[in-house]
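Structure record follows, encoded as structure tokens.
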Amino acid sequence: MTRVAVVGCGGLGVPAAWTLALGGHKRFRLIDADVVEESNLHRQVLYTTLDIGQPKAERLAVLLRDQFGAEVETVAARLDEENASALLDGCDAVLEGSDDALAKFAVNDWAVTAPRTRTAVIAAAIGRRGQWFAVTPASSCYRCLFEAPPPPESLATCAIAGVLGPVTGQVGGSAALALLHALAGKPDAAVGALMRLSPRGLLRTAVAAAGDCRCRG
Ligand SMILES: [Zn+2]
């Protein structure tokens, strides 16, 4: 069975991993360098006050093993361009749900490395909004849409700007469902498209493959 890496075991990674497990997925690698903080608990709902100070990846691994009998590896690291291929070695698919824009591009670039056999869903949420994008072997990619990461000073993270707990649950779950569909060979609307959730509803923007993008080889 495919090993799925979940990058970021916070607001998006927790509901995403749970949804993947509910969908029958049993092999995981959880990648996160952070520990559970009290301020996380409103949106990272599988963690409790007893988990404060514990590594997120380790706590989520225990839950997935106990509840689903999953086979789970953990890595205490922040994924970046330099370490992505090593951290994702042996994985076939990634659910990227960290709060780090650079990690999203690193996962995208891993997914579109030739020969293209890998699948990734890249998700983000902030405030009352969220988005996800699925990259499959035949699709356009995240860089077809966003050529490069924004400068660090322009980024608002959840730690600064805040995020509504239910939004992370919905976005993380939807991103995981997109990954389950893609792995089952029944891709959904998120493949090669930016799915944006806001209080006004769900908006889908199809992304054409850019002619000079690295995903075109
Ligand atoms: Zn591309």
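Labeling convention for the structure tokens: chains A, B, ... as they appear, residues from 1 per chain, ligands from 1 in order of appearance.
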(message) Give me, as a ChimeraX atom specification, all polymer residues having an atom no more than 8 Å from region 109-125 of chain A, counting only C-alpha atoms and skipping those fewer than 5 positions away in the same chain.
(response) /A:12,84-85,92-99,104,130-138,141,158,163,167-168,171-172,175-176,178-179,182-183,214-215,217
Selection from above, C-alpha atoms, as a short mmCIF file (atom, residue, chain, number, x, y, z; two decimals), in the first residue's frame, can you write it?
data_model
loop_
_atom_site.label_atom_id
_atom_site.label_comp_id
_atom_site.auth_asym_id
_atom_site.auth_seq_id
_atom_site.Cartn_x
_atom_site.Cartn_y
_atom_site.Cartn_z
CA LEU A 12 -4.82 20.78 8.65
CA ALA A 84 12.48 17.09 0.90
CA SER A 85 13.74 14.17 -1.16
CA ASP A 92 4.34 7.82 -3.00
CA ALA A 93 2.03 10.62 -1.96
CA VAL A 94 2.03 13.68 0.29
CA LEU A 95 -0.60 15.68 2.10
CA GLU A 96 1.03 19.06 2.71
CA GLY A 97 -0.71 20.97 5.49
CA SER A 98 2.04 22.93 7.20
CA ASP A 99 2.02 26.70 7.72
CA LYS A 104 4.46 23.70 -0.15
CA GLY A 130 -8.76 27.87 3.04
CA GLN A 131 -7.54 26.31 -0.18
CA TRP A 132 -6.21 23.06 -1.59
CA PHE A 133 -4.68 21.91 -4.89
CA ALA A 134 -4.01 18.34 -6.05
CA VAL A 135 -0.98 17.50 -8.18
CA THR A 136 -1.13 14.14 -9.96
CA PRO A 137 1.21 12.60 -12.56
CA ALA A 138 -0.81 14.11 -15.43
CA CYS A 141 1.10 21.94 -10.68
CA CYS A 158 -1.92 31.18 11.65
CA VAL A 163 -7.57 30.71 11.89
CA VAL A 167 -12.21 25.93 8.65
CA THR A 168 -9.11 23.83 9.23
CA VAL A 171 -10.09 22.12 4.47
CA GLY A 172 -7.94 19.34 5.94
CA ALA A 175 -7.71 17.87 0.98
CA ALA A 176 -7.43 14.33 2.31
CA ALA A 178 -8.94 14.68 -2.81
CA LEU A 179 -5.85 12.58 -2.11
CA ALA A 182 -6.56 10.49 -6.69
CA LEU A 183 -4.91 7.41 -5.19
CA ARG A 214 9.11 22.40 -14.46
CA CYS A 215 6.11 20.05 -14.35
CA GLY A 217 9.79 18.48 -17.90
#
(message) List the spatial neighbours of region 50-56 of chain A as JSON, numbers by chain - criterion: any atom at most 8 Å away, only C-alpha atoms, same-chain residues fewer than 5 positions off excluded.
(response) {"A": [9, 10, 32, 33, 34, 35, 36, 37, 38, 76]}
For the selection just defined, write its residues with N, CA and C atoms to a file, as a compact mmCIF listing (two decimals), in the first residue's frame.
# COMPACT_ATOMS: atom_id res chain seq x y z
N CYS A 9 1.57 18.46 11.28
CA CYS A 9 0.58 17.71 12.07
C CYS A 9 -0.20 18.66 12.96
N GLY A 10 -0.67 19.75 12.36
CA GLY A 10 -1.42 20.76 13.09
C GLY A 10 -2.86 20.83 12.60
N ASP A 32 6.78 16.64 11.35
CA ASP A 32 6.48 17.89 12.05
C ASP A 32 7.53 18.06 13.15
N ALA A 33 8.04 19.27 13.28
CA ALA A 33 9.08 19.54 14.28
C ALA A 33 8.52 20.16 15.55
N ASP A 34 7.22 20.46 15.58
CA ASP A 34 6.67 21.25 16.69
C ASP A 34 6.09 20.38 17.80
N VAL A 35 5.90 21.01 18.95
CA VAL A 35 5.19 20.37 20.06
C VAL A 35 3.81 21.00 20.18
N VAL A 36 2.91 20.27 20.83
CA VAL A 36 1.55 20.76 21.03
C VAL A 36 1.57 21.93 22.02
N GLU A 37 0.89 23.03 21.64
CA GLU A 37 0.76 24.18 22.52
C GLU A 37 -0.71 24.40 22.86
N GLU A 38 -0.95 25.03 24.00
CA GLU A 38 -2.33 25.23 24.45
C GLU A 38 -3.15 25.98 23.39
N ALA A 76 10.82 14.21 13.20
CA ALA A 76 10.79 15.53 13.83
C ALA A 76 11.67 16.48 13.02
(message) Hey, which residues sit close to ligand 1? Say within 7 Å, counting only C-alpha atoms and all ligand atoms, and write them as a PyMOL selection string.
(response) chain A and resi 140-144+209-210+213-216
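Those residues in region 45-118 of chain A carrying a DSSP assignment of strand (DSSP E or B), computed from the backbone, are Pro55, Glu71, Val72, Glu73, Thr74, Val75, Ala93, Val94, Leu95 and Glu96 of chain A.
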(request) Between A:Pro199, A:Pro149, A:Pro187, A:Gly69, single out the one closest to Asp100 (chain A), counting only C-alpha atoms. (result)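 Using only C-alpha atoms, Asp100 (chain A) sits closest to A:Pro149.
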(message) Just want the 8 Å neighbourhood of Glu81 (chain A), counted on only C-alpha atoms, with same-chain residues fewer than 4 positions away dropped. Output as a list in words.
(response)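 My reading of the contact set: Leu102, Ala103, Phe105 and Ala106 of chain A.
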(request) For His25 (chain A), list every protein, DNA or RNA residue within 10 Å, evaluated using only C-alpha atoms, and leave out those in the same chain fewer than 5 positions away; present the list as an MDAnalysis selection string. (result) chainID A and resid 1:4 17:20 68 70:71 180
Quick one: write out the picked residues with C-alpha atoms as a PDB file, in the first residue's frame?
ATOM      1  CA  MET A   1       0.000   0.000   0.000  1.00  0.00           C
ATOM      2  CA  THR A   2       1.072   3.551  -0.730  1.00  0.00           C
ATOM      3  CA  ARG A   3       2.868   5.326   2.098  1.00  0.00           C
ATOM      4  CA  VAL A   4       1.459   8.818   2.528  1.00  0.00           C
ATOM      5  CA  ALA A  17      -4.603  12.225   8.643  1.00  0.00           C
ATOM      6  CA  TRP A  18      -7.812  11.263  10.421  1.00  0.00           C
ATOM      7  CA  THR A  19      -9.764  11.423   7.141  1.00  0.00           C
ATOM      8  CA  LEU A  20      -7.139   9.331   5.337  1.00  0.00           C
ATOM      9  CA  PHE A  68      -6.913   2.424  13.214  1.00  0.00           C
ATOM     10  CA  ALA A  70      -2.042   2.124  11.239  1.00  0.00           C
ATOM     11  CA  GLU A  71       1.653   1.674  10.532  1.00  0.00           C
ATOM     12  CA  LEU A 180      -7.896   9.432  -1.458  1.00  0.00           C
TER      13      LEU A 180
END
(request) Report the residues of region 104-208 of chain A whose backbone DSSP state falls under alpha helix (DSSP H), written as a PyMOL selection string. (result) chain A and resi 104-111+142-145+158-161+165-183
(request) Quote the spacing between CA of Val207 (chain A) and CA of Leu164 (chain A) in Å to one decimal place. (result)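 For CA of Val207 (chain A) relative to CA of Leu164 (chain A), the distance reads 27.2 Å.
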(request) Take CA of Phe28 (chain A) and CA of Cys91 (chain A) and report the distance between them in Å, one decimal. (result) 8.6 Å
(request) Have a look at CA of Ser139 (chain A) and CA of Ser174 (chain A) and let me know their distance in Å, one decimal. (result)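 Taking CA of Ser139 (chain A) as the start and CA of Ser174 (chain A) as the end point, the length is 18.5 Å.
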(request) For Gly169 (chain A), work out the shell of residues within 8 Å, counting only C-alpha atoms and skipping chain neighbours fewer than 3 positions away, then give it as a PyMOL selection string. (result) chain A and resi 11-12+15-16+43+165-166+172-173
